[in-house]
Amino acid sequence: MPSPSVTRLLLPAALLASLTGCSILSSGDRKAVTIYSPAVQVKVDPSWPTVAWQLVLSKPSATRMVDSPRINVRPSPSELEIYAGATWAQPATDMIEDALLRGFEDSGRIAGVGRAAAGIRADYRLATDIRRFESDYRGQPTPTVVIEINAKLIHVVDQRVVIDRTFRQEQPVGSTEVPAVTAAFEKGLNALTADVVGWALTSGQKDADGASLR
């Protein structure tokens, strides 16, 4: 798995203060901030169906702490902090949305897919809620990356929920270093994207096949 893309730059003081206000990984240099951008490449499963219907992706929902470029870490069950001197290139909601869009597009298995804002005429809509996007120490010396989302596949015409499922990926880090943490996020995001794409294609096609028989 390739390492996440990294860019170093100096951020304005106001933004820097918001990034370093609380963290378990403080450093003497509070000016340099590393920006991480996980790369998503979904491996297509041969069992995935090729579908003739179209899909729109709703903007993922999330709590304010998750819908942020901060990289969240949970040192204990009741604490949620951020890594100092590091940030995502975009909030988790945008990362999940981009990963899913690319996953469907790159699969080559769907007639059309786009964001809800694109205004395409779709047969199904995928709604997602991000529940966790963090590294969690769980009382261990090194953290585990946890990504959890709930996904609903909705039939657009009658707004019927075709199927609902919660997806979860856990990736042990084996280190406390931020690059290792972000690499685990990248691995988990790739796996979760593949799970959701395959599930949505298969579930939507089963529903479409059933509709043609009704």
# chains A, B, ... in the order shown; residues from 1 in each chain; ligands from 1

$ closest_atom_pairs --of "region 134-157 of chain A" --to "region 187-203 of chain A" --cutoff "10 Å" --atoms "only C-alpha atoms" --output "CSV"
residue,atom,partner,partner_atom,distance
A:Val145,CA,A:Gly188,CA,7.6
A:Val146,CA,A:Gly188,CA,7.9
A:Ile147,CA,A:Gly188,CA,7.0
A:Glu148,CA,A:Leu192,CA,8.5
A:Ile149,CA,A:Leu192,CA,8.9
A:Asn150,CA,A:Val196,CA,9.8
A:Ala151,CA,A:Val196,CA,7.9
A:Lys152,CA,A:Ala200,CA,8.9
A:Leu153,CA,A:Ala200,CA,6.8

$ write_last_selection --atoms "N, CA and C atoms" --output "PDB file, in the first residue's frame"
ATOM      1  N   VAL A 145      -6.808   2.237  14.101  1.00  0.00           N
ATOM      2  CA  VAL A 145      -7.651   3.149  13.335  1.00  0.00           C
ATOM      3  C   VAL A 145      -9.038   2.526  13.185  1.00  0.00           C
ATOM      4  N   VAL A 146     -10.055   3.310  13.485  1.00  0.00           N
ATOM      5  CA  VAL A 146     -11.446   2.842  13.393  1.00  0.00           C
ATOM      6  C   VAL A 146     -12.219   3.767  12.451  1.00  0.00           C
ATOM      7  N   ILE A 147     -12.780   3.184  11.410  1.00  0.00           N
ATOM      8  CA  ILE A 147     -13.659   3.915  10.490  1.00  0.00           C
ATOM      9  C   ILE A 147     -14.992   3.180  10.473  1.00  0.00           C
ATOM     10  N   GLU A 148     -16.059   3.890  10.815  1.00  0.00           N
ATOM     11  CA  GLU A 148     -17.383   3.270  10.871  1.00  0.00           C
ATOM     12  C   GLU A 148     -18.403   4.184  10.216  1.00  0.00           C
ATOM     13  N   ILE A 149     -19.160   3.656   9.275  1.00  0.00           N
ATOM     14  CA  ILE A 149     -20.223   4.431   8.643  1.00  0.00           C
ATOM     15  C   ILE A 149     -21.486   3.583   8.537  1.00  0.00           C
ATOM     16  N   ASN A 150     -22.626   4.258   8.593  1.00  0.00           N
ATOM     17  CA  ASN A 150     -23.897   3.610   8.291  1.00  0.00           C
ATOM     18  C   ASN A 150     -24.296   4.026   6.881  1.00  0.00           C
ATOM     19  N   ALA A 151     -24.748   3.070   6.083  1.00  0.00           N
ATOM     20  CA  ALA A 151     -25.131   3.355   4.704  1.00  0.00           C
ATOM     21  C   ALA A 151     -26.552   2.869   4.442  1.00  0.00           C
ATOM     22  N   LYS A 152     -27.302   3.689   3.721  1.00  0.00           N
ATOM     23  CA  LYS A 152     -28.664   3.335   3.314  1.00  0.00           C
ATOM     24  C   LYS A 152     -28.776   3.480   1.808  1.00  0.00           C
ATOM     25  N   LEU A 153     -29.239   2.424   1.156  1.00  0.00           N
ATOM     26  CA  LEU A 153     -29.513   2.487  -0.278  1.00  0.00           C
ATOM     27  C   LEU A 153     -31.004   2.762  -0.437  1.00  0.00           C
TER      28      LEU A 153
END

$ select_by_dssp --residues "region 45-201 of chain A" --states "helix (DSSP H, G or I)" --output "number ranges by chain"
A: 92-107, 116-118, 178-201

$ select_by_dssp --residues "region 159-201 of chain A" --states "strand (DSSP E or B)" --output "compact mmCIF listing (two decimals) with N, CA and C atoms, in the first residue's frame"
# COMPACT_ATOMS: atom_id res chain seq x y z
N ARG A 160 -38.03 4.66 -0.81
CA ARG A 160 -38.00 3.42 -0.03
C ARG A 160 -36.57 3.05 0.31
N VAL A 161 -36.32 2.71 1.58
CA VAL A 161 -35.01 2.21 1.97
C VAL A 161 -34.90 0.75 1.54
N VAL A 162 -34.07 0.51 0.56
CA VAL A 162 -33.89 -0.84 0.03
C VAL A 162 -33.15 -1.71 1.04
N ILE A 163 -32.09 -1.15 1.60
CA ILE A 163 -31.27 -1.90 2.55
C ILE A 163 -30.46 -0.92 3.38
N ASP A 164 -30.15 -1.33 4.60
CA ASP A 164 -29.44 -0.48 5.55
C ASP A 164 -28.36 -1.35 6.20
N ARG A 165 -27.14 -0.82 6.27
CA ARG A 165 -26.06 -1.61 6.87
C ARG A 165 -24.98 -0.69 7.45
N THR A 166 -24.40 -1.12 8.55
CA THR A 166 -23.28 -0.39 9.14
C THR A 166 -21.98 -1.11 8.78
N PHE A 167 -21.02 -0.35 8.26
CA PHE A 167 -19.72 -0.87 7.85
C PHE A 167 -18.66 -0.38 8.82
N ARG A 168 -17.72 -1.24 9.14
CA ARG A 168 -16.67 -0.88 10.10
C ARG A 168 -15.35 -1.49 9.66
N GLN A 169 -14.32 -0.68 9.68
CA GLN A 169 -12.97 -1.14 9.39
C GLN A 169 -12.07 -0.78 10.56
N GLU A 170 -11.28 -1.75 11.01
CA GLU A 170 -10.29 -1.52 12.06
C GLU A 170 -8.92 -1.93 11.54
N GLN A 171 -7.97 -1.01 11.66
CA GLN A 171 -6.61 -1.27 11.19
C GLN A 171 -5.61 -0.98 12.30
N PRO A 172 -4.97 -2.02 12.88
CA PRO A 172 -3.93 -1.80 13.89
C PRO A 172 -2.78 -0.98 13.30

$ closest_residue --among "A:Pro38, A:Gly85, A:Pro60, A:Gly210" --to "Thr128 (chain A)" --atoms "only C-alpha atoms"
A:Pro60

$ closest_residue --among "A:Trp53, A:Glu177, A:Ala208, A:Ser58" --to "Ala117 (chain A)" --atoms "only C-alpha atoms"
A:Ser58

$ closest_residue --among "A:Val156, A:Val73, A:Ile120, A:Val42" --to "Gly103 (chain A)" --atoms "only C-alpha atoms"
A:Val42

$ residues_around --residues "Val56 (chain A)" --least-positions-apart "6" --cutoff "7 Å" --atoms "only C-alpha atoms" --output "count of residues only"
8

$ closest_residue --among "A:Ala180, A:Ala62, A:Met95, A:Ile71" --to "Asp129 (chain A)" --atoms "only C-alpha atoms"
A:Ala62

$ residues_around --residues "Ala52 (chain A)" --least-positions-apart "3" --cutoff "10 Å" --atoms "only C-alpha atoms" --output "ChimeraX atom specification"
/A:49,109-112,123,205,208

$ atom_distance --atom1 "CA of Thr50 (chain A)" --atom2 "CA of Glu105 (chain A)"
12.0 Å

$ atom_distance --atom1 "CA of Ser135 (chain A)" --atom2 "CA of Phe104 (chain A)"
26.6 Å

$ closest_residue --among "A:Arg121, A:Arg131, A:Lys206, A:Arg138" --to "Met65 (chain A)" --atoms "only C-alpha atoms"
A:Arg131

$ residues_around --residues "Arg70 (chain A)" --least-positions-apart "4" --cutoff "10 Å" --atoms "only C-alpha atoms" --output "PDB file with N, CA, C and O atoms, in the first residue's frame"
ATOM      1  N   SER A  18      -6.225  26.568  15.960  1.00  0.00           N
ATOM      2  CA  SER A  18      -7.349  25.633  16.030  1.00  0.00           C
ATOM      3  C   SER A  18      -6.894  24.205  15.883  1.00  0.00           C
ATOM      4  O   SER A  18      -7.513  23.281  16.391  1.00  0.00           O
ATOM      5  N   LEU A  19      -5.769  24.003  15.161  1.00  0.00           N
ATOM      6  CA  LEU A  19      -5.266  22.648  14.950  1.00  0.00           C
ATOM      7  C   LEU A  19      -4.478  22.139  16.152  1.00  0.00           C
ATOM      8  O   LEU A  19      -4.416  20.938  16.389  1.00  0.00           O
ATOM      9  N   THR A  20      -3.871  23.049  16.909  1.00  0.00           N
ATOM     10  CA  THR A  20      -2.985  22.612  17.972  1.00  0.00           C
ATOM     11  C   THR A  20      -3.527  22.921  19.358  1.00  0.00           C
ATOM     12  O   THR A  20      -2.823  22.826  20.343  1.00  0.00           O
ATOM     13  N   ILE A  35       0.163  18.008   5.892  1.00  0.00           N
ATOM     14  CA  ILE A  35      -1.169  17.715   5.372  1.00  0.00           C
ATOM     15  C   ILE A  35      -1.144  16.346   4.710  1.00  0.00           C
ATOM     16  O   ILE A  35      -0.317  16.073   3.842  1.00  0.00           O
ATOM     17  N   MET A  65     -17.000  17.162  15.211  1.00  0.00           N
ATOM     18  CA  MET A  65     -15.630  16.696  15.425  1.00  0.00           C
ATOM     19  C   MET A  65     -15.143  15.806  14.291  1.00  0.00           C
ATOM     20  O   MET A  65     -13.959  15.791  13.952  1.00  0.00           O
ATOM     21  N   VAL A  66     -16.055  15.065  13.689  1.00  0.00           N
ATOM     22  CA  VAL A  66     -15.686  14.194  12.573  1.00  0.00           C
ATOM     23  C   VAL A  66     -15.629  14.990  11.272  1.00  0.00           C
ATOM     24  O   VAL A  66     -14.743  14.778  10.430  1.00  0.00           O
ATOM     25  N   GLU A  81      -9.090  13.738  21.237  1.00  0.00           N
ATOM     26  CA  GLU A  81      -8.135  14.809  21.004  1.00  0.00           C
ATOM     27  C   GLU A  81      -7.721  14.805  19.539  1.00  0.00           C
ATOM     28  O   GLU A  81      -8.281  14.063  18.727  1.00  0.00           O
ATOM     29  N   ILE A  82      -6.745  15.649  19.194  1.00  0.00           N
ATOM     30  CA  ILE A  82      -6.251  15.708  17.817  1.00  0.00           C
ATOM     31  C   ILE A  82      -4.732  15.641  17.823  1.00  0.00           C
ATOM     32  O   ILE A  82      -4.084  15.955  18.818  1.00  0.00           O
ATOM     33  N   TYR A  83      -4.172  15.222  16.695  1.00  0.00           N
ATOM     34  CA  TYR A  83      -2.725  15.209  16.536  1.00  0.00           C
ATOM     35  C   TYR A  83      -2.251  16.613  16.174  1.00  0.00           C
ATOM     36  O   TYR A  83      -2.756  17.221  15.233  1.00  0.00           O
ATOM     37  N   ALA A  84      -1.273  17.111  16.929  1.00  0.00           N
ATOM     38  CA  ALA A  84      -0.713  18.433  16.628  1.00  0.00           C
ATOM     39  C   ALA A  84       0.211  18.347  15.417  1.00  0.00           C
ATOM     40  O   ALA A  84       0.868  17.336  15.176  1.00  0.00           O
ATOM     41  N   GLY A  85       0.237  19.429  14.640  1.00  0.00           N
ATOM     42  CA  GLY A  85       1.150  19.496  13.507  1.00  0.00           C
ATOM     43  C   GLY A  85       0.771  18.621  12.341  1.00  0.00           C
ATOM     44  O   GLY A  85       1.581  18.364  11.456  1.00  0.00           O
ATOM     45  N   ALA A  86      -0.485  18.132  12.322  1.00  0.00           N
ATOM     46  CA  ALA A  86      -0.931  17.268  11.228  1.00  0.00           C
ATOM     47  C   ALA A  86      -2.405  17.523  10.959  1.00  0.00           C
ATOM     48  O   ALA A  86      -3.175  17.813  11.876  1.00  0.00           O
ATOM     49  N   THR A  87      -2.791  17.416   9.712  1.00  0.00           N
ATOM     50  CA  THR A  87      -4.189  17.618   9.330  1.00  0.00           C
ATOM     51  C   THR A  87      -4.489  16.852   8.049  1.00  0.00           C
ATOM     52  O   THR A  87      -3.576  16.513   7.288  1.00  0.00           O
ATOM     53  N   TRP A  88      -5.765  16.559   7.841  1.00  0.00           N
ATOM     54  CA  TRP A  88      -6.186  15.997   6.568  1.00  0.00           C
ATOM     55  C   TRP A  88      -6.283  17.123   5.537  1.00  0.00           C
ATOM     56  O   TRP A  88      -6.489  18.286   5.884  1.00  0.00           O
ATOM     57  N   ALA A  89      -6.211  16.774   4.275  1.00  0.00           N
ATOM     58  CA  ALA A  89      -6.375  17.755   3.214  1.00  0.00           C
ATOM     59  C   ALA A  89      -7.820  18.235   3.124  1.00  0.00           C
ATOM     60  O   ALA A  89      -8.089  19.327   2.613  1.00  0.00           O
ATOM     61  N   GLN A  90      -8.758  17.421   3.625  1.00  0.00           N
ATOM     62  CA  GLN A  90     -10.171  17.781   3.617  1.00  0.00           C
ATOM     63  C   GLN A  90     -10.870  17.043   4.755  1.00  0.00           C
ATOM     64  O   GLN A  90     -10.335  16.069   5.290  1.00  0.00           O
ATOM     65  N   PRO A  91     -12.065  17.496   5.150  1.00  0.00           N
ATOM     66  CA  PRO A  91     -12.783  16.805   6.230  1.00  0.00           C
ATOM     67  C   PRO A  91     -13.126  15.364   5.863  1.00  0.00           C
ATOM     68  O   PRO A  91     -13.167  14.994   4.688  1.00  0.00           O
ATOM     69  N   ALA A  92     -13.401  14.567   6.890  1.00  0.00           N
ATOM     70  CA  ALA A  92     -13.724  13.153   6.683  1.00  0.00           C
ATOM     71  C   ALA A  92     -14.934  12.968   5.777  1.00  0.00           C
ATOM     72  O   ALA A  92     -14.982  12.026   4.980  1.00  0.00           O
ATOM     73  N   GLU A 134     -11.296   7.797  13.446  1.00  0.00           N
ATOM     74  CA  GLU A 134     -10.334   8.156  14.495  1.00  0.00           C
ATOM     75  C   GLU A 134      -9.361   7.020  14.756  1.00  0.00           C
ATOM     76  O   GLU A 134      -9.593   5.871  14.346  1.00  0.00           O
TER      77      GLU A 134
END
